[in-house]
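coords25.txt follows; it contains compact mmCIF, C-alpha atoms.
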```txt
# COMPACT_ATOMS: atom_id res chain seq x y z
CA MET W 1 -6.87 -10.16 -6.85
CA LYS W 2 -10.11 -8.32 -7.53
CA GLU W 3 -8.42 -5.26 -9.00
CA LEU W 4 -5.09 -4.73 -10.77
CA SER W 5 -4.42 -1.87 -8.37
CA LEU W 6 -4.13 -4.53 -5.62
CA ASN W 7 -1.45 -6.33 -7.67
CA VAL W 8 0.33 -2.98 -7.98
CA LEU W 9 0.19 -2.59 -4.18
CA ASP W 10 1.45 -6.13 -3.64
CA ILE W 11 4.34 -5.87 -6.13
CA THR W 12 5.39 -2.46 -4.78
CA GLU W 13 5.47 -3.83 -1.22
CA ASN W 14 8.24 -6.15 -2.48
CA SER W 15 10.22 -3.11 -3.67
CA VAL W 16 9.94 -1.48 -0.26
CA LYS W 17 10.99 -4.74 1.42
CA ALA W 18 14.02 -4.83 -0.90
CA GLY W 19 15.13 -1.56 0.67
CA ALA W 20 14.21 0.74 -2.22
CA THR W 21 14.67 4.45 -1.61
CA LEU W 22 12.69 5.31 -4.76
CA THR W 23 10.03 3.19 -6.41
CA GLU W 24 8.57 4.35 -9.71
CA ILE W 25 5.07 3.13 -10.45
CA SER W 26 3.94 3.71 -14.01
CA ILE W 27 0.55 2.79 -15.46
CA LEU W 28 0.62 3.39 -19.21
CA GLU W 29 -2.64 3.02 -21.07
CA ASN W 30 -3.62 3.21 -24.70
CA SER W 31 -6.82 1.97 -26.28
CA ASP W 32 -5.54 -1.62 -26.45
CA THR W 33 -3.16 -2.22 -23.59
CA LEU W 34 -2.42 -1.34 -19.99
CA THR W 35 1.24 -1.60 -19.06
CA MET W 36 2.22 -1.62 -15.40
CA ILE W 37 5.85 -0.90 -14.54
CA VAL W 38 7.21 -1.03 -11.00
CA LYS W 39 10.85 0.01 -10.97
CA ASP W 40 12.87 0.19 -7.76
CA ASP W 41 16.43 0.81 -6.62
CA GLY W 42 16.28 -1.90 -3.96
CA CYS W 43 18.79 -4.69 -3.38
CA GLY W 44 17.76 -6.64 -6.49
CA MET W 45 17.56 -10.41 -6.96
CA SER W 46 20.22 -12.89 -8.03
CA GLU W 47 19.63 -14.82 -11.26
CA GLU W 48 18.92 -17.89 -9.19
CA ILE W 49 16.13 -16.24 -7.22
CA LEU W 50 14.85 -14.51 -10.34
CA ARG W 51 14.30 -17.92 -11.96
CA THR W 52 12.19 -19.09 -9.04
CA VAL W 53 9.92 -16.11 -8.37
CA GLU W 54 7.56 -16.79 -11.26
CA ASN W 55 6.76 -20.31 -10.20
CA PRO W 56 5.03 -20.74 -6.83
CA PHE W 57 6.06 -24.40 -6.67
CA TYR W 58 9.75 -23.53 -6.65
CA THR W 59 9.33 -21.28 -3.67
CA THR W 60 11.28 -22.52 -0.70
CA ARG W 61 11.14 -21.28 2.83
CA THR W 62 14.08 -18.91 2.39
CA THR W 63 12.44 -17.20 -0.56
CA ARG W 64 8.95 -17.50 0.83
CA LYS W 65 8.63 -13.75 1.10
CA VAL W 66 8.26 -13.71 -2.67
CA GLY W 67 5.38 -16.19 -2.50
CA LEU W 68 2.35 -15.82 -4.74
CA GLY W 69 2.67 -12.16 -5.68
CA ILE W 70 4.43 -12.58 -9.02
CA PRO W 71 2.49 -15.74 -10.00
CA LEU W 72 -0.81 -13.93 -9.39
CA LEU W 73 0.34 -10.96 -11.48
CA LYS W 74 1.54 -13.30 -14.21
CA MET W 75 -1.77 -15.11 -14.24
CA ALA W 76 -3.75 -11.85 -14.45
CA ALA W 77 -1.61 -10.64 -17.37
CA GLU W 78 -1.44 -13.92 -19.30
CA MET W 79 -5.19 -14.45 -19.01
CA THR W 80 -5.57 -11.41 -21.27
CA GLY W 81 -2.86 -12.53 -23.72
CA GLY W 82 -0.30 -10.28 -22.04
CA SER W 83 2.94 -11.04 -20.21
CA VAL W 84 5.20 -10.23 -17.28
CA LYS W 85 8.89 -9.45 -17.52
CA ILE W 86 11.25 -9.04 -14.57
CA VAL W 87 14.69 -7.49 -14.84
CA SER W 88 16.85 -7.36 -11.75
CA SER W 89 20.39 -6.50 -10.79
CA THR W 90 22.35 -6.93 -7.58
CA ASP W 91 25.28 -4.94 -8.97
CA ALA W 92 26.50 -2.28 -6.54
CA ALA W 93 26.03 0.53 -9.04
CA THR W 94 22.84 -0.53 -10.81
CA HIS W 95 20.98 -2.60 -8.18
CA GLY W 96 17.21 -2.74 -8.38
CA THR W 97 14.29 -4.57 -9.92
CA THR W 98 11.87 -3.67 -12.69
CA VAL W 99 8.64 -5.59 -13.06
CA THR W 100 6.75 -4.93 -16.28
CA ALA W 101 3.30 -6.39 -16.90
CA VAL W 102 1.30 -5.95 -20.09
CA PHE W 103 -2.46 -6.49 -20.12
CA TYR W 104 -4.83 -6.49 -23.09
CA LYS W 105 -7.70 -4.31 -21.97
CA ASN W 106 -10.28 -5.54 -24.43
CA HIS W 107 -9.86 -9.18 -23.50
CA LEU W 108 -12.79 -10.75 -21.66
CA ASP W 109 -10.55 -11.76 -18.74
CA PHE W 110 -9.03 -8.32 -18.20
CA THR W 111 -9.20 -7.34 -14.53
CA PRO W 112 -10.05 -3.64 -14.16
CA LEU W 113 -7.42 -1.37 -12.65
CA GLY W 114 -9.75 -0.41 -9.78
CA ASP W 115 -8.87 2.13 -7.13
CA ILE W 116 -5.25 2.98 -7.94
CA LYS W 117 -5.48 6.17 -5.84
CA GLU W 118 -6.09 4.09 -2.72
CA THR W 119 -3.06 1.94 -3.59
CA VAL W 120 -0.83 5.03 -3.85
CA VAL W 121 -2.18 6.47 -0.58
CA THR W 122 -1.76 3.11 1.20
CA LEU W 123 1.87 2.85 0.06
CA ILE W 124 2.72 6.37 1.23
CA GLN W 125 0.93 5.89 4.55
CA GLY W 126 2.75 2.62 5.21
CA HIS W 127 6.18 3.70 4.04
CA PRO W 128 6.55 7.44 4.67
CA ASP W 129 10.35 7.30 4.66
CA THR W 130 10.73 5.96 1.11
CA ASP W 131 9.89 7.83 -2.07
CA PHE W 132 7.35 6.98 -4.74
CA LEU W 133 6.96 8.43 -8.20
CA PHE W 134 3.51 7.60 -9.51
CA VAL W 135 2.65 8.25 -13.15
CA HIS W 136 -0.60 7.22 -14.83
CA GLN W 137 -0.76 7.98 -18.54
CA THR W 138 -4.05 7.61 -20.37
CA PRO W 139 -5.10 8.70 -23.88
CA SER W 140 -6.79 11.75 -22.32
CA GLY W 141 -3.86 12.87 -20.18
CA GLU W 142 -1.61 12.15 -17.25
CA VAL W 143 -1.81 12.00 -13.45
CA LYS W 144 1.47 12.32 -11.58
CA LEU W 145 2.56 12.37 -7.94
CA ASP W 146 6.16 12.56 -6.74
CA THR W 147 6.70 12.25 -2.98
CA ARG W 148 10.15 13.85 -3.36
CA GLU W 149 8.44 17.09 -4.41
CA LEU W 150 6.03 16.89 -1.45
CA ARG W 151 8.93 16.22 0.91
CA VAL W 152 10.64 19.46 -0.15
CA ILE W 153 7.54 21.47 0.76
CA LEU W 154 6.87 19.54 3.98
CA GLU W 155 10.35 20.24 5.42
CA GLY W 156 10.46 17.28 7.80
CA VAL W 157 6.75 16.91 8.46
CA PRO W 158 6.23 13.15 7.89
CA LEU W 159 4.32 12.07 4.78
CA ASP W 160 2.10 9.83 6.91
CA THR W 161 0.74 12.80 8.86
CA TYR W 162 -3.03 12.42 8.54
CA GLU W 163 -3.56 15.92 7.12
CA VAL W 164 -0.94 15.19 4.47
CA ILE W 165 -2.54 11.82 3.62
CA VAL W 166 -5.92 13.55 3.23
CA TRP W 167 -4.33 16.21 1.00
CA ILE W 168 -2.75 13.51 -1.21
CA LYS W 169 -6.10 11.70 -1.46
CA GLU W 170 -7.95 14.87 -2.47
CA TYR W 171 -5.16 15.90 -4.83
CA LEU W 172 -5.36 12.56 -6.67
CA ASN W 173 -9.17 12.72 -6.74
CA GLU W 174 -9.00 16.12 -8.39
CA GLN W 175 -6.36 15.05 -10.90
CA TYR W 176 -8.54 12.14 -11.99
CA GLU W 177 -11.64 14.33 -12.18
CA LEU W 178 -9.78 16.73 -14.46
CA LEU W 179 -8.76 13.80 -16.63
CA GLU W 180 -12.32 12.53 -16.94
CA ASN W 181 -13.67 15.95 -17.87
CA ARG W 182 -11.13 16.52 -20.58
CA MET C 1 -8.08 22.85 -7.02
CA LYS C 2 -5.62 21.36 -4.51
CA SER C 3 -2.52 23.48 -4.52
CA LEU C 4 0.97 23.06 -3.15
CA ALA C 5 0.31 26.21 -1.13
CA GLU C 6 -2.27 24.23 0.79
CA LEU C 7 0.35 21.61 1.57
CA GLN C 8 2.62 24.40 2.70
CA ALA C 9 -0.09 25.53 5.13
CA ILE C 10 -0.38 22.00 6.49
CA LYS C 11 3.37 21.98 7.04
CA ASP C 12 3.26 25.28 8.94
CA LYS C 13 0.47 23.96 11.13
CA MET C 14 2.06 20.57 11.81
CA LYS C 15 5.68 21.64 12.23
CA ASP C 16 5.37 22.30 15.96
CA LYS C 17 3.23 19.27 16.67
CA VAL C 18 5.66 16.76 15.18
CA VAL C 19 8.06 16.80 18.11
CA ILE C 20 5.29 16.13 20.61
CA ARG C 21 3.79 13.29 18.61
CA GLU C 22 6.91 11.22 18.22
CA GLY C 23 7.01 8.32 20.65
CA ALA C 24 3.87 9.42 22.40
CA SER C 25 1.66 6.63 21.07
CA SER C 26 0.85 3.91 23.56
CA THR C 27 -1.32 1.80 21.26
CA ARG C 28 -0.33 0.24 17.95
CA VAL C 29 -2.73 -1.09 15.33
CA VAL C 30 -0.95 -3.32 12.82
CA VAL C 31 -2.58 -4.46 9.58
CA GLY C 32 -1.19 -7.43 7.61
CA MET C 33 -0.38 -6.24 4.08
CA ALA C 34 1.29 -9.25 2.46
CA THR C 35 -0.15 -10.85 -0.70
CA CYS C 36 -2.59 -12.89 1.41
CA GLY C 37 -3.84 -9.83 3.31
CA ILE C 38 -4.12 -7.63 0.22
CA ALA C 39 -6.00 -10.32 -1.73
CA ALA C 40 -8.41 -10.79 1.18
CA GLY C 41 -9.24 -7.08 1.40
CA ALA C 42 -6.70 -5.50 3.77
CA ARG C 43 -6.42 -2.23 1.83
CA PRO C 44 -9.88 -0.84 2.76
CA VAL C 45 -9.41 -2.16 6.32
CA LEU C 46 -6.21 -0.16 6.70
CA GLY C 47 -7.86 2.91 5.16
CA ALA C 48 -10.79 2.62 7.58
CA PHE C 49 -8.46 2.40 10.60
CA VAL C 50 -6.40 5.40 9.49
CA GLU C 51 -9.53 7.47 8.96
CA ALA C 52 -11.43 6.39 12.08
CA VAL C 53 -8.43 6.80 14.39
CA ASN C 54 -7.67 10.30 13.10
CA GLU C 55 -11.25 11.52 12.69
CA GLY C 56 -12.00 10.08 16.13
CA GLY C 57 -9.31 12.21 17.76
CA LEU C 58 -7.07 9.27 18.68
CA ALA C 59 -4.06 10.35 16.62
CA GLN C 60 -2.01 11.23 19.70
CA SER C 61 -2.36 7.83 21.35
CA VAL C 62 -2.77 5.35 18.47
CA THR C 63 -0.52 4.59 15.51
CA VAL C 64 -1.68 2.56 12.54
CA SER C 65 0.99 0.64 10.66
CA GLN C 66 1.44 -2.17 8.15
CA THR C 67 3.21 -5.50 8.40
CA GLY C 68 3.83 -8.62 6.30
CA CYS C 69 2.29 -12.07 6.56
CA VAL C 70 1.36 -13.08 10.10
CA GLY C 71 1.15 -16.77 9.13
CA LEU C 72 -2.62 -17.22 9.39
CA CYS C 73 -3.42 -16.50 5.74
CA GLN C 74 -6.86 -18.16 5.87
CA TYR C 75 -7.97 -15.59 8.49
CA GLU C 76 -6.88 -12.47 6.57
CA PRO C 77 -7.40 -9.54 6.72
CA ILE C 78 -5.74 -9.73 10.14
CA VAL C 79 -5.30 -6.79 12.49
CA GLU C 80 -3.25 -6.86 15.67
CA VAL C 81 -3.74 -4.37 18.48
CA TYR C 82 -0.86 -3.81 20.90
CA GLU C 83 -1.62 -1.82 24.05
CA ALA C 84 0.95 -1.02 26.71
CA GLY C 85 0.67 -3.45 29.61
CA LYS C 86 -2.00 -5.61 27.96
CA ASP C 87 -2.06 -8.83 25.94
CA LYS C 88 -2.02 -8.49 22.16
CA VAL C 89 -5.48 -8.71 20.56
CA THR C 90 -5.72 -10.36 17.12
CA TYR C 91 -8.74 -9.53 14.99
CA VAL C 92 -9.42 -11.76 11.97
CA LYS C 93 -11.48 -11.64 8.75
CA MET C 94 -11.74 -7.91 9.10
CA THR C 95 -13.72 -5.46 6.96
CA ALA C 96 -13.83 -1.66 6.85
CA ASP C 97 -17.06 -1.68 8.90
CA LYS C 98 -15.60 -4.00 11.53
CA ALA C 99 -12.54 -1.71 11.67
CA LYS C 100 -14.73 1.29 12.52
CA GLU C 101 -16.45 -0.77 15.20
CA VAL C 102 -13.11 -1.82 16.73
CA VAL C 103 -11.97 1.83 16.84
CA GLU C 104 -15.21 2.86 18.53
CA LYS C 105 -15.59 0.00 21.04
CA HIS C 106 -12.01 -1.13 21.68
CA LEU C 107 -9.68 1.81 21.07
CA LYS C 108 -12.10 4.44 22.37
CA GLY C 109 -14.26 2.41 24.75
CA GLY C 110 -11.60 0.03 26.06
CA LYS C 111 -13.69 -3.10 25.37
CA VAL C 112 -12.26 -5.79 23.09
CA VAL C 113 -14.75 -6.80 20.37
CA THR C 114 -14.38 -10.51 21.16
CA GLU C 115 -16.64 -11.73 18.34
CA TYR C 116 -14.03 -10.65 15.77
CA THR C 117 -10.97 -12.04 17.56
CA VAL C 118 -9.00 -15.09 16.48
CA ALA C 119 -9.94 -16.92 19.69
CA ASN C 120 -13.58 -16.74 18.68
CA CYS C 121 -12.87 -17.90 15.13
CA GLU C 122 -11.14 -21.23 15.74
```
Please lay out the structure from this file as structure tokens.
Amino acid sequence: MKELSLNVLDITENSVKAGATLTEISILENSDTLTMIVKDDGCGMSEEILRTVENPFYTTRTTRKVGLGIPLLKMAAEMTGGSVKIVSSTDAATHGTTVTAVFYKNHLDFTPLGDIKETVVTLIQGHPDTDFLFVHQTPSGEVKLDTRELRVILEGVPLDTYEVIVWIKEYLNEQYELLENR
Amino acid sequence: MKSLAELQAIKDKMKDKVVIREGASSTRVVVGMATCGIAAGARPVLGAFVEAVNEGGLAQSVTVSQTGCVGLCQYEPIVEVYEAGKDKVTYVKMTADKAKEVVEKHLKGGKVVTEYTVANCE
């Protein structure tokens, strides 16, 4: 992947496919590290599947939907000296999956985050019936978008309505501009 | 500064239109957004379709949606166009610029851009 934001898009698509109603995407940055957390309340994975997702060569046809996504993320993180951790539960009360990836930003092989705004917009456009909580913390401040809050205001107008998508795009642009000027 | 009041205004404007829009689309544009598609550049292709379809006044008749892996990973980004009563058209190795061209020539003009189709690629 050319940008980490594309890995974020790819990993979050798995959450949506797992039937998540809410997926929390957190990008936490300090001067040394970038931590990406994708946490969903989807169906979760059994321990058996969990063991196979990190290795592309263990992928069989039945689990093919998992494919190269996690291995690519793992490679991108480990190249910088970082790591990927996956916690998942299929328990009726606590089902869901959390993927945490840590990257060392100052490492030569660190892939830049890229256009994370476009990733958020693409997810909302493609999956207007599920909710996303996006939080990006940087040393200079935070950008946050919660589709549940937008849904309250929109009163049934779908999130993938073009005017709404444009508003979200411009909103995120402004939030990031504010952050840069701080 | 973008405010929630602005979103409220969008809601008031769109509220009546929603009912009419549902189920009215006769054409579907589907972009492959699995790992293979995303890695090959599907995100800007999808964005270009969404923008060109809506800015081009086709929102009433065309929906743009996302799907998983189509099974032709080496030809990603792949875009499928489904039109009522016509054969499916599969565009391969798409870019944002090609997407705009497909909206203009195919979705608006009714002429398939054959040079970008899978049949032309094999």
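Residues lying within 12 Å of Glu101 in chain C, counting all atoms listed in the file and ignoring same-chain neighbours fewer than 3 positions away, are C:Val45, C:Ala48, C:Phe49, C:Ala52, C:Val53, C:Gly56, C:Tyr91, C:Met94, C:Thr95, C:Ala96, C:Asp97, C:Lys98, C:Glu104, C:Lys105, C:His106, C:Leu107, C:Lys108, C:Gly109, C:Gly110, C:Lys111, C:Val112, C:Val113, C:Thr114, C:Glu115, C:Tyr116.
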Practice prompt. Residues of chain C near chain W: apply a cut-off of 6 Å, count all atoms listed in the file, and supply the list as a list in words.
Written response: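 Going by the stated atoms only, the list reads Lys2, Lys11, Thr35, Ala39 and Gln66 of chain C.
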Selected residues written out, C-alpha atoms, as a CSV table (one decimal), in the coordinates of the input:
```csv
chain,number,residue,atom,x,y,z
C,2,LYS,CA,-5.6,21.4,-4.5
C,11,LYS,CA,3.4,22.0,7.0
C,35,THR,CA,-0.2,-10.8,-0.7
C,39,ALA,CA,-6.0,-10.3,-1.7
C,66,GLN,CA,1.4,-2.2,8.2
```
Please list as a PyMOL selection string every residue within 9 Å of range 34-44 of chain W, counting all atoms listed in the file and excluding residues in the same chain fewer than 2 positions away. chain W and resi 8+11-12+15-32+46+87-92+94-105+113
Test item: residues at most 12 Å from Arg182 in chain W, all atoms listed in the file, excluding those fewer than 6 positions along its chain, as a VMD selection string
chain W and resid 138 to 142 175 to 176
Please list, as a VMD selection string, the residues that have an atom at most 6 Å away from (0.0, -4.8, 16.7) in the coordinates of this file, counting all atoms listed in the file. chain C and resid 28 to 30 80 to 82
Restore N, CA and C atoms in range 47-69 of chain C and list the result as a CSV table (one decimal), keeping the file's coordinate frame.
```
chain,number,residue,atom,x,y,z
C,47,GLY,N,-7.3,1.6,5.4
C,47,GLY,CA,-7.9,2.9,5.2
C,47,GLY,C,-8.9,3.3,6.2
C,48,ALA,N,-9.7,2.4,6.6
C,48,ALA,CA,-10.8,2.6,7.6
C,48,ALA,C,-10.2,2.9,8.9
C,49,PHE,N,-9.1,2.2,9.3
C,49,PHE,CA,-8.5,2.4,10.6
C,49,PHE,C,-7.8,3.8,10.6
C,50,VAL,N,-7.1,4.1,9.6
C,50,VAL,CA,-6.4,5.4,9.5
C,50,VAL,C,-7.4,6.5,9.6
C,51,GLU,N,-8.5,6.4,8.9
C,51,GLU,CA,-9.5,7.5,9.0
C,51,GLU,C,-10.2,7.5,10.3
C,52,ALA,N,-10.7,6.4,10.8
C,52,ALA,CA,-11.4,6.4,12.1
C,52,ALA,C,-10.6,6.8,13.3
C,53,VAL,N,-9.3,6.4,13.3
C,53,VAL,CA,-8.4,6.8,14.4
C,53,VAL,C,-8.2,8.3,14.4
C,54,ASN,N,-8.0,8.9,13.2
C,54,ASN,CA,-7.7,10.3,13.1
C,54,ASN,C,-8.9,11.2,13.2
C,55,GLU,N,-10.0,10.7,12.6
C,55,GLU,CA,-11.2,11.5,12.7
C,55,GLU,C,-11.8,11.4,14.1
C,56,GLY,N,-11.5,10.3,14.8
C,56,GLY,CA,-12.0,10.1,16.1
C,56,GLY,C,-11.1,10.7,17.2
C,57,GLY,N,-10.1,11.5,16.8
C,57,GLY,CA,-9.3,12.2,17.8
C,57,GLY,C,-8.3,11.3,18.5
C,58,LEU,N,-8.0,10.2,18.0
C,58,LEU,CA,-7.1,9.3,18.7
C,58,LEU,C,-5.6,9.3,18.2
C,59,ALA,N,-5.4,10.3,17.3
C,59,ALA,CA,-4.1,10.4,16.6
C,59,ALA,C,-2.9,10.4,17.6
C,60,GLN,N,-3.1,11.1,18.7
C,60,GLN,CA,-2.0,11.2,19.7
C,60,GLN,C,-1.6,9.9,20.4
C,61,SER,N,-2.6,9.0,20.5
C,61,SER,CA,-2.4,7.8,21.4
C,61,SER,C,-2.3,6.5,20.5
C,62,VAL,N,-2.7,6.6,19.3
C,62,VAL,CA,-2.8,5.4,18.5
C,62,VAL,C,-2.0,5.5,17.2
C,63,THR,N,-1.1,4.6,16.8
C,63,THR,CA,-0.5,4.6,15.5
C,63,THR,C,-1.0,3.4,14.7
C,64,VAL,N,-1.2,3.6,13.4
C,64,VAL,CA,-1.7,2.6,12.5
C,64,VAL,C,-0.5,2.2,11.6
C,65,SER,N,-0.1,1.0,11.6
C,65,SER,CA,1.0,0.6,10.7
C,65,SER,C,0.7,-0.7,9.9
C,66,GLN,N,1.6,-1.0,9.0
C,66,GLN,CA,1.4,-2.2,8.2
C,66,GLN,C,2.5,-3.2,8.4
C,67,THR,N,2.2,-4.5,8.2
C,67,THR,CA,3.2,-5.5,8.4
C,67,THR,C,3.0,-6.6,7.3
C,68,GLY,N,3.9,-7.6,7.3
C,68,GLY,CA,3.8,-8.6,6.3
C,68,GLY,C,2.9,-9.7,6.7
C,69,CYS,N,3.2,-10.9,6.3
C,69,CYS,CA,2.3,-12.1,6.6
C,69,CYS,C,2.5,-12.5,8.0
```
